[in-house]
>>> print(open('protein26.txt').read())   # compact mmCIF, C-alpha atoms and all ligand atoms
# COMPACT_ATOMS: atom_id res chain seq x y z
CA MET A 184 -20.28 7.12 -0.94
CA LYS A 185 -18.33 3.88 -0.58
CA ASN A 186 -15.58 3.41 -3.15
CA THR A 187 -15.64 0.11 -5.00
CA THR A 188 -13.57 -1.41 -7.79
CA ARG A 189 -16.12 0.10 -10.18
CA THR A 190 -15.84 3.68 -8.82
CA ILE A 191 -12.03 3.36 -8.90
CA LEU A 192 -12.08 2.04 -12.51
CA ASN A 193 -14.38 4.90 -13.56
CA LYS A 194 -11.85 7.48 -12.39
CA LYS A 195 -9.34 6.59 -15.12
CA GLY A 196 -8.90 9.63 -17.37
CA VAL A 197 -11.45 11.58 -15.31
CA GLU A 198 -9.99 12.25 -11.87
CA LYS A 199 -6.68 11.36 -10.18
CA ILE A 200 -6.90 8.63 -7.53
CA ALA A 201 -5.44 9.34 -4.06
CA MET A 202 -4.30 6.37 -1.99
CA ILE A 203 -2.78 6.47 1.53
CA THR A 204 -1.57 3.61 3.71
CA ALA A 205 -3.06 3.01 7.17
CA TYR A 206 -2.57 0.18 9.63
CA ASP A 207 -5.16 0.92 12.33
CA ALA A 208 -8.62 2.40 12.84
CA MET A 209 -7.39 5.81 14.08
CA PHE A 210 -5.27 6.63 11.04
CA ALA A 211 -7.74 4.98 8.64
CA SER A 212 -10.50 7.33 9.91
CA LEU A 213 -8.23 10.33 9.31
CA ALA A 214 -7.27 9.19 5.78
CA ASP A 215 -10.97 8.64 5.05
CA ALA A 216 -11.99 12.04 6.43
CA ALA A 217 -9.33 13.59 4.14
CA GLY A 218 -11.09 12.01 1.16
CA ALA A 219 -8.61 9.27 0.22
CA ASP A 220 -10.12 6.99 -2.46
CA ILE A 221 -8.20 3.90 -1.35
CA ILE A 222 -6.69 2.98 2.02
CA LEU A 223 -3.86 0.51 1.61
CA VAL A 224 -3.10 -1.75 4.53
CA GLY A 225 0.38 -2.18 3.13
CA ASP A 226 2.94 -4.73 4.22
CA SER A 227 4.94 -1.52 4.85
CA VAL A 228 3.34 -2.03 8.28
CA GLY A 229 6.47 -4.17 8.78
CA ASN A 230 8.98 -1.30 8.42
CA THR A 231 6.82 1.53 9.72
CA VAL A 232 5.02 0.04 12.72
CA LEU A 233 6.30 -3.44 13.57
CA GLY A 234 10.03 -2.69 13.67
CA TYR A 235 11.11 -5.05 10.86
CA SER A 236 13.79 -3.86 8.45
CA SER A 237 11.80 -4.87 5.34
CA THR A 238 8.36 -6.19 4.37
CA VAL A 239 9.68 -9.78 4.13
CA PRO A 240 8.94 -10.92 7.73
CA VAL A 241 5.30 -9.68 7.69
CA THR A 242 2.93 -12.64 8.23
CA MET A 243 -0.63 -13.42 7.14
CA GLY A 244 -1.72 -13.16 10.79
CA GLU A 245 -0.27 -9.64 11.04
CA MET A 246 -1.90 -8.55 7.77
CA VAL A 247 -5.31 -9.90 8.84
CA HIS A 248 -4.96 -8.20 12.26
CA HIS A 249 -4.12 -4.76 10.79
CA THR A 250 -6.66 -5.04 7.96
CA ALA A 251 -9.41 -5.83 10.48
CA ALA A 252 -8.40 -2.76 12.54
CA VAL A 253 -8.69 -0.55 9.43
CA SER A 254 -12.02 -2.05 8.38
CA ARG A 255 -13.48 -1.38 11.87
CA ALA A 256 -13.16 2.33 10.97
CA LYS A 257 -15.78 1.64 8.24
CA PRO A 258 -14.13 3.98 5.71
CA ASN A 259 -15.77 5.08 2.47
CA ALA A 260 -12.37 4.49 0.91
CA LEU A 261 -11.83 1.11 -0.71
CA ILE A 262 -9.85 -1.06 1.74
CA LEU A 263 -6.93 -2.74 0.00
CA ALA A 264 -4.78 -5.32 1.83
CA ASP A 265 -1.33 -6.53 0.82
CA LEU A 266 -0.70 -10.24 0.36
CA PRO A 267 2.51 -10.95 2.35
CA PHE A 268 5.86 -12.26 1.11
CA GLY A 269 5.92 -15.54 -0.80
CA ARG A 270 2.22 -16.35 -0.52
CA ALA A 271 1.45 -15.71 -4.23
CA HIS A 272 3.85 -18.53 -5.12
CA TYR A 273 2.21 -21.21 -2.95
CA SER A 274 -0.40 -23.48 -4.55
CA PHE A 275 -3.54 -21.81 -5.95
CA ASP A 276 -5.67 -23.32 -3.14
CA SER A 277 -3.42 -21.85 -0.50
CA LEU A 278 -3.38 -18.46 -2.29
CA LEU A 279 -7.19 -18.43 -2.56
CA SER A 280 -7.41 -19.30 1.12
CA ASP A 281 -5.01 -16.41 2.06
CA CYS A 282 -6.93 -13.89 -0.07
CA SER A 283 -10.24 -15.12 1.35
CA ARG A 284 -8.89 -14.57 4.90
CA LEU A 285 -7.94 -10.96 4.05
CA VAL A 286 -11.47 -10.38 2.70
CA GLN A 287 -13.53 -12.44 5.17
CA GLU A 288 -11.59 -12.02 8.44
CA GLY A 289 -9.87 -8.72 7.63
CA GLY A 290 -12.77 -7.02 5.86
CA ALA A 291 -10.64 -6.01 2.85
CA ASP A 292 -12.46 -4.93 -0.30
CA ALA A 293 -9.50 -5.97 -2.45
CA VAL A 294 -6.06 -7.58 -2.25
CA LYS A 295 -2.79 -6.24 -3.70
CA ILE A 296 -0.34 -8.81 -5.03
CA GLU A 297 3.27 -8.20 -6.09
CA GLY A 298 4.30 -10.05 -9.24
CA ASP A 299 4.74 -10.08 -13.01
CA ALA A 300 3.06 -11.99 -15.87
CA GLY A 301 4.22 -15.23 -14.22
CA ILE A 302 1.39 -15.01 -11.67
CA ALA A 303 -1.28 -13.88 -14.16
CA GLU A 304 -2.87 -17.32 -14.35
CA LYS A 305 -3.29 -17.49 -10.57
CA ILE A 306 -4.68 -13.93 -10.51
CA SER A 307 -7.16 -14.96 -13.18
CA GLY A 308 -8.30 -17.80 -10.88
CA LEU A 309 -8.66 -15.38 -7.96
CA THR A 310 -10.70 -12.86 -9.93
CA LYS A 311 -12.94 -15.70 -11.18
CA ALA A 312 -13.47 -16.65 -7.52
CA GLY A 313 -14.63 -13.08 -6.82
CA ILE A 314 -11.48 -11.64 -5.25
CA ALA A 315 -10.76 -8.07 -6.42
CA VAL A 316 -7.03 -7.86 -7.15
CA MET A 317 -4.67 -4.92 -7.67
CA GLY A 318 -1.38 -5.90 -9.34
CA HIS A 319 1.96 -4.48 -8.13
CA ILE A 320 4.74 -4.15 -10.72
CA GLY A 321 8.01 -2.28 -11.20
CA LEU A 322 9.96 -2.52 -7.95
CA GLU A 323 8.49 -5.37 -5.89
CA PRO A 324 9.85 -4.71 -2.37
CA GLN A 325 9.18 -8.35 -1.37
CA GLN A 326 12.04 -9.27 -3.78
CA VAL A 327 14.57 -7.26 -1.73
CA LEU A 328 16.60 -10.30 -0.60
CA LYS A 329 16.98 -11.52 -4.19
CA LEU A 330 17.67 -8.02 -5.57
CA GLY A 331 20.17 -7.17 -2.81
CA GLY A 332 18.47 -3.81 -2.27
CA TYR A 333 15.91 -1.50 -3.82
CA ARG A 334 16.37 0.04 -7.27
CA ARG A 335 14.49 1.90 -10.00
CA PHE A 336 12.95 -0.25 -12.79
CA GLY A 337 12.13 0.31 -16.46
CA LYS A 338 15.02 2.54 -17.48
CA SER A 339 16.17 0.35 -20.38
CA ALA A 340 13.90 -0.33 -23.36
CA THR A 341 14.03 -4.07 -22.63
CA GLU A 342 12.93 -3.65 -19.04
CA ARG A 343 10.25 -1.09 -20.02
CA ASP A 344 8.82 -3.46 -22.65
CA LYS A 345 8.75 -6.32 -20.13
CA ILE A 346 6.91 -4.18 -17.56
CA VAL A 347 4.35 -3.08 -20.17
CA ALA A 348 3.87 -6.75 -21.17
CA ASP A 349 3.46 -7.72 -17.47
CA ALA A 350 0.85 -4.97 -17.06
CA LYS A 351 -1.12 -6.22 -20.07
CA ALA A 352 -0.99 -9.83 -18.86
CA LEU A 353 -2.26 -8.78 -15.42
CA GLU A 354 -5.00 -6.66 -17.01
CA SER A 355 -6.12 -9.71 -19.03
CA ALA A 356 -6.12 -11.70 -15.78
CA GLY A 357 -8.72 -9.29 -14.41
CA VAL A 358 -6.92 -6.87 -12.06
CA PHE A 359 -8.98 -3.73 -11.41
CA ALA A 360 -5.87 -1.53 -11.06
CA LEU A 361 -2.08 -1.68 -11.11
CA LEU A 362 0.40 -0.19 -8.67
CA ILE A 363 3.71 0.81 -10.29
CA GLU A 364 6.54 1.29 -7.82
CA MET A 365 9.82 3.11 -8.56
CA ALA A 366 9.53 2.79 -12.31
CA ASP A 367 11.08 5.27 -14.70
CA ALA A 368 8.48 7.98 -15.44
CA ASP A 369 8.43 7.10 -19.18
CA CYS A 370 7.85 3.46 -18.33
CA ALA A 371 4.95 4.31 -15.97
CA LYS A 372 3.48 6.55 -18.69
CA ALA A 373 3.76 3.73 -21.25
CA VAL A 374 1.98 1.32 -18.86
CA THR A 375 -0.74 3.89 -18.12
CA GLU A 376 -1.38 4.34 -21.84
CA ALA A 377 -1.25 0.60 -22.58
CA VAL A 378 -3.91 -0.57 -20.10
CA SER A 379 -7.55 0.36 -19.55
CA VAL A 380 -7.36 -0.07 -15.76
CA PRO A 381 -6.06 2.76 -13.53
CA THR A 382 -2.38 2.88 -12.58
CA ILE A 383 -1.32 4.08 -9.13
CA GLY A 384 2.27 5.29 -8.95
CA ILE A 385 4.78 5.57 -6.15
CA GLY A 386 8.09 7.12 -7.13
CA SER A 387 7.05 6.62 -10.78
CA GLY A 388 6.41 10.16 -12.00
CA ALA A 389 3.27 12.20 -12.56
CA GLU A 390 1.70 10.38 -15.50
CA CYS A 391 -0.03 7.60 -13.52
CA ASP A 392 -3.79 7.67 -12.91
CA GLY A 393 -3.21 8.08 -9.18
CA GLN A 394 -0.58 8.24 -6.47
CA VAL A 395 0.10 6.45 -3.20
CA LEU A 396 2.33 7.39 -0.29
CA VAL A 397 3.08 5.66 2.99
CA CYS A 398 1.31 7.56 5.80
CA ALA A 399 4.44 7.74 7.96
CA ASP A 400 6.29 9.51 5.10
CA ILE A 401 3.43 12.02 4.55
CA LEU A 402 3.32 12.78 8.27
CA GLY A 403 7.05 13.09 8.90
CA LEU A 404 7.25 10.03 11.14
CA THR A 405 9.99 8.22 9.20
CA ALA A 406 13.67 8.91 9.87
CA ASN A 407 14.83 8.18 6.30
CA PRO A 408 11.91 8.61 3.87
CA PRO A 409 12.50 7.70 0.19
CA ARG A 410 13.58 10.65 -1.99
CA PHE A 411 10.33 10.65 -3.98
CA ALA A 412 8.11 10.99 -0.87
CA LYS A 413 6.73 14.40 0.09
CA ARG A 414 6.49 15.29 3.79
CA TYR A 415 3.33 17.28 4.56
CA ALA A 416 3.86 17.54 8.35
CA ASN A 417 6.54 17.01 10.96
CA LEU A 418 4.63 14.89 13.46
CA SER A 419 7.79 13.33 14.99
CA GLU A 420 8.70 16.78 16.31
CA GLU A 421 5.13 17.53 17.47
CA ILE A 422 4.75 14.17 19.22
CA LEU A 423 8.13 14.46 20.90
CA LYS A 424 7.19 17.95 22.17
CA ALA A 425 3.84 16.73 23.53
CA TYR A 426 5.28 13.59 25.17
CA SER A 427 8.15 15.56 26.73
CA ALA A 428 5.72 18.15 28.13
CA TYR A 429 3.58 15.36 29.63
CA VAL A 430 6.58 13.57 31.17
CA ALA A 431 7.82 16.89 32.65
CA ASP A 432 4.32 17.67 34.03
CA VAL A 433 4.07 14.25 35.71
CA ARG A 434 7.54 14.63 37.25
CA SER A 435 6.83 18.16 38.51
CA GLY A 436 3.28 17.40 39.72
CA ARG A 437 1.65 19.83 37.22
CA PHE A 438 -0.38 16.86 35.88
CA PRO A 439 -2.95 15.86 37.03
CA ASN A 440 -4.12 19.18 38.34
CA THR A 441 -6.52 19.14 41.26
CA ASP A 442 -9.60 20.09 39.14
CA LEU A 443 -9.41 16.87 37.08
O1 LIG A 501 3.16 -1.70 1.47
C1 LIG A 501 3.08 -0.57 0.97
O2 LIG A 501 2.93 0.45 1.66
C2 LIG A 501 3.19 -0.47 -0.48
C3 LIG A 501 3.67 0.84 -1.03
C4 LIG A 501 4.18 0.66 -2.40
C5 LIG A 501 2.67 1.90 -1.01
O3 LIG A 501 2.90 -1.39 -1.17
>>> encode(input="protein26.txt", output="structure tokens", more="lines below")
Ligand code: KIV
Amino acid sequence: MKNTTRTILNKKGVEKIAMITAYDAMFASLADAAGADIILVGDSVGNTVLGYSSTVPVTMGEMVHHTAAVSRAKPNALILADLPFGRAHYSFDSLLSDCSRLVQEGGADAVKIEGDAGIAEKISGLTKAGIAVMGHIGLEPQQVLKLGGYRRFGKSATERDKIVADAKALESAGVFALLIEMADADCAKAVTEAVSVPTIGIGSGAECDGQVLVCADILGLTANPPRFAKRYANLSEEILKAYSAYVADVRSGRFPNTDL
């Protein structure tokens, strides 16, 4: 059965939500077959696939391209696409046009937008226009240039209270869920208890309504995964073994063999 904003909302307090990133049809099909509830076409495509050193250079064109590849896999999982760097701070018309592209050209079911209470009014406009929005609070990786690096959020009471207030403002604006990245576990718990929409954590402890990991970290394809990520396979080693065997077979004439 296809997951929708409604099926995701209904899971709060009932069943944990599992979200995995994917950037193409092949890996989206595998995430879907594994039963993921949400497939995130994250702007982490920048660091994992496109060779950028952060998510900042990722463009609208690239996000539409990768979202369309994922949606061609026709997953039952809800397809969630990231809005790239800066776009949430353009005019509302431009933001609506970007989100509409992700939905209409990319085939996304929903759009994820990094930002605090300051963008709640714009998110309210988007949800009124029929765009399903997931908020993204705590660490916002698109702020890396301003922050001078990545850090954990919500350790102090002041920062925790601000994040809870941001979450409530975004909930009032109509988000169907909230992603909380690298927040102190107590802060993520406080947000989860304060809002009626599901929270999806990454590096934010076990008390969220669901979890997300970047596929390359799950599969062991990243050289330096974040400390909170769990590696479930070592595909780098497997792929290297397979490629090396193929290259050796071509060089030695063992491939192709005469029967093929
Ligand atoms: O782009 C991404 O992969 C993300 C992570 C927080 C999951 O937003």
>>> residues_around(input="protein26.txt", residues="segment 370-382 of chain A", least_positions_apart="3", cutoff="9 Å", atoms="all atoms listed in the file", output="MDAnalysis selection string")
chainID A and resid 191:196 200 321 336:338 340 342:344 346:348 350:351 354 358:367 387:394
>>> closest_residue(input="protein26.txt", among="A:Ala399, A:Val286, A:Ala356, A:Ala256", to="ligand LIG 501 (chain A)", atoms="all atoms listed in the file")
A:Ala399
>>> atom_distance(input="protein26.txt", atom1="atom CA of Gly218 of chain A", atom2="atom CA of Glu198 of chain A")
13.1 Å
>>> atom_distance(input="protein26.txt", atom1="atom CA of Lys345 of chain A", atom2="atom CA of Asp299 of chain A")
9.0 Å
>>> atom_distance(input="protein26.txt", atom1="atom CA of Phe275 of chain A", atom2="atom CA of Ile222 of chain A")
26.2 Å
>>> residues_near_ligand(input="protein26.txt", ligand="ligand LIG 501 (chain A)", cutoff="8 Å", atoms="all atoms listed in the file", output="list in words")
Ile203, Thr204, Leu223, Val224, Gly225, Asp226, Ser227, Val228, Thr238, Asp265, Lys295, His319, Pro324, Leu362, Ile363, Glu364, Ile385, Val395, Leu396 and Val397 of chain A
>>> closest_residue(input="protein26.txt", among="A:His248, A:Tyr333, A:Pro408, A:Ile314", to="Leu278 of chain A", atoms="only C-alpha atoms")
A:Ile314
>>> axis_aligned_box(input="protein26.txt", around="segment 223-235 of chain A", padding_each_side="3 Å", output="AutoDock Vina command-line options")
--center_x 3.6 --center_y -1.8 --center_z 7.6 --size_x 21.0 --size_y 12.6 --size_z 18.1
>>> build_atoms(input="protein26.txt", residues="segment 368-379 of chain A", atoms="all heavy atoms", output="PDB file, keeping the file's coordinate frame")
ATOM      1  N   ALA A 368       9.732   7.273 -15.125  1.00  0.00           N
ATOM      2  CA  ALA A 368       8.480   7.980 -15.440  1.00  0.00           C
ATOM      3  C   ALA A 368       7.960   7.628 -16.850  1.00  0.00           C
ATOM      4  O   ALA A 368       6.748   7.475 -17.041  1.00  0.00           O
ATOM      5  CB  ALA A 368       8.695   9.484 -15.320  1.00  0.00           C
ATOM      6  N   ASP A 369       8.874   7.451 -17.815  1.00  0.00           N
ATOM      7  CA  ASP A 369       8.430   7.100 -19.180  1.00  0.00           C
ATOM      8  C   ASP A 369       7.817   5.710 -19.219  1.00  0.00           C
ATOM      9  O   ASP A 369       6.867   5.448 -19.969  1.00  0.00           O
ATOM     10  CB  ASP A 369       9.628   7.133 -20.151  1.00  0.00           C
ATOM     11  CG  ASP A 369      10.040   8.557 -20.447  1.00  0.00           C
ATOM     12  OD1 ASP A 369       9.222   9.465 -20.203  1.00  0.00           O
ATOM     13  OD2 ASP A 369      11.187   8.751 -20.893  1.00  0.00           O
ATOM     14  N   CYS A 370       8.371   4.827 -18.405  1.00  0.00           N
ATOM     15  CA  CYS A 370       7.850   3.460 -18.330  1.00  0.00           C
ATOM     16  C   CYS A 370       6.439   3.474 -17.720  1.00  0.00           C
ATOM     17  O   CYS A 370       5.510   2.855 -18.252  1.00  0.00           O
ATOM     18  CB  CYS A 370       8.815   2.602 -17.488  1.00  0.00           C
ATOM     19  SG  CYS A 370       8.188   0.975 -17.106  1.00  0.00           S
ATOM     20  N   ALA A 371       6.270   4.219 -16.621  1.00  0.00           N
ATOM     21  CA  ALA A 371       4.950   4.310 -15.970  1.00  0.00           C
ATOM     22  C   ALA A 371       3.928   4.919 -16.927  1.00  0.00           C
ATOM     23  O   ALA A 371       2.769   4.490 -16.974  1.00  0.00           O
ATOM     24  CB  ALA A 371       5.069   5.132 -14.692  1.00  0.00           C
ATOM     25  N   LYS A 372       4.378   5.908 -17.709  1.00  0.00           N
ATOM     26  CA  LYS A 372       3.480   6.550 -18.690  1.00  0.00           C
ATOM     27  C   LYS A 372       3.075   5.518 -19.756  1.00  0.00           C
ATOM     28  O   LYS A 372       1.899   5.415 -20.121  1.00  0.00           O
ATOM     29  CB  LYS A 372       4.223   7.728 -19.345  1.00  0.00           C
ATOM     30  CG  LYS A 372       3.408   8.554 -20.295  1.00  0.00           C
ATOM     31  CD  LYS A 372       4.202   9.814 -20.672  1.00  0.00           C
ATOM     32  CE  LYS A 372       3.419  10.780 -21.525  1.00  0.00           C
ATOM     33  NZ  LYS A 372       3.407  10.475 -22.923  1.00  0.00           N
ATOM     34  N   ALA A 373       4.051   4.737 -20.221  1.00  0.00           N
ATOM     35  CA  ALA A 373       3.760   3.730 -21.250  1.00  0.00           C
ATOM     36  C   ALA A 373       2.758   2.700 -20.723  1.00  0.00           C
ATOM     37  O   ALA A 373       1.827   2.296 -21.438  1.00  0.00           O
ATOM     38  CB  ALA A 373       5.056   3.038 -21.684  1.00  0.00           C
ATOM     39  N   VAL A 374       2.920   2.288 -19.461  1.00  0.00           N
ATOM     40  CA  VAL A 374       1.980   1.320 -18.860  1.00  0.00           C
ATOM     41  C   VAL A 374       0.589   1.950 -18.786  1.00  0.00           C
ATOM     42  O   VAL A 374      -0.419   1.343 -19.164  1.00  0.00           O
ATOM     43  CB  VAL A 374       2.447   0.860 -17.457  1.00  0.00           C
ATOM     44  CG1 VAL A 374       1.357   0.051 -16.760  1.00  0.00           C
ATOM     45  CG2 VAL A 374       3.738   0.049 -17.552  1.00  0.00           C
ATOM     46  N   THR A 375       0.550   3.197 -18.299  1.00  0.00           N
ATOM     47  CA  THR A 375      -0.740   3.890 -18.120  1.00  0.00           C
ATOM     48  C   THR A 375      -1.488   3.994 -19.443  1.00  0.00           C
ATOM     49  O   THR A 375      -2.717   3.839 -19.490  1.00  0.00           O
ATOM     50  CB  THR A 375      -0.485   5.291 -17.494  1.00  0.00           C
ATOM     51  OG1 THR A 375       0.202   5.096 -16.252  1.00  0.00           O
ATOM     52  CG2 THR A 375      -1.775   6.047 -17.248  1.00  0.00           C
ATOM     53  N   GLU A 376      -0.742   4.224 -20.523  1.00  0.00           N
ATOM     54  CA  GLU A 376      -1.380   4.340 -21.840  1.00  0.00           C
ATOM     55  C   GLU A 376      -1.759   2.965 -22.418  1.00  0.00           C
ATOM     56  O   GLU A 376      -2.693   2.864 -23.221  1.00  0.00           O
ATOM     57  CB  GLU A 376      -0.441   5.064 -22.809  1.00  0.00           C
ATOM     58  CG  GLU A 376      -0.383   6.559 -22.502  1.00  0.00           C
ATOM     59  CD  GLU A 376       0.730   7.306 -23.231  1.00  0.00           C
ATOM     60  OE1 GLU A 376       1.497   6.677 -23.991  1.00  0.00           O
ATOM     61  OE2 GLU A 376       0.834   8.528 -23.012  1.00  0.00           O
ATOM     62  N   ALA A 377      -1.039   1.926 -21.974  1.00  0.00           N
ATOM     63  CA  ALA A 377      -1.250   0.600 -22.580  1.00  0.00           C
ATOM     64  C   ALA A 377      -2.430  -0.169 -21.975  1.00  0.00           C
ATOM     65  O   ALA A 377      -2.914  -1.121 -22.590  1.00  0.00           O
ATOM     66  CB  ALA A 377       0.034  -0.234 -22.431  1.00  0.00           C
ATOM     67  N   VAL A 378      -2.840   0.207 -20.760  1.00  0.00           N
ATOM     68  CA  VAL A 378      -3.910  -0.570 -20.100  1.00  0.00           C
ATOM     69  C   VAL A 378      -5.151   0.287 -19.881  1.00  0.00           C
ATOM     70  O   VAL A 378      -5.061   1.512 -19.805  1.00  0.00           O
ATOM     71  CB  VAL A 378      -3.431  -1.168 -18.748  1.00  0.00           C
ATOM     72  CG1 VAL A 378      -2.311  -2.181 -18.957  1.00  0.00           C
ATOM     73  CG2 VAL A 378      -3.005  -0.075 -17.771  1.00  0.00           C
ATOM     74  N   SER A 379      -6.301  -0.390 -19.754  1.00  0.00           N
ATOM     75  CA  SER A 379      -7.550   0.360 -19.550  1.00  0.00           C
ATOM     76  C   SER A 379      -7.898   0.473 -18.070  1.00  0.00           C
ATOM     77  O   SER A 379      -8.855   1.154 -17.708  1.00  0.00           O
ATOM     78  CB  SER A 379      -8.684  -0.337 -20.295  1.00  0.00           C
ATOM     79  OG  SER A 379      -8.831  -1.640 -19.774  1.00  0.00           O
TER      80      SER A 379
END
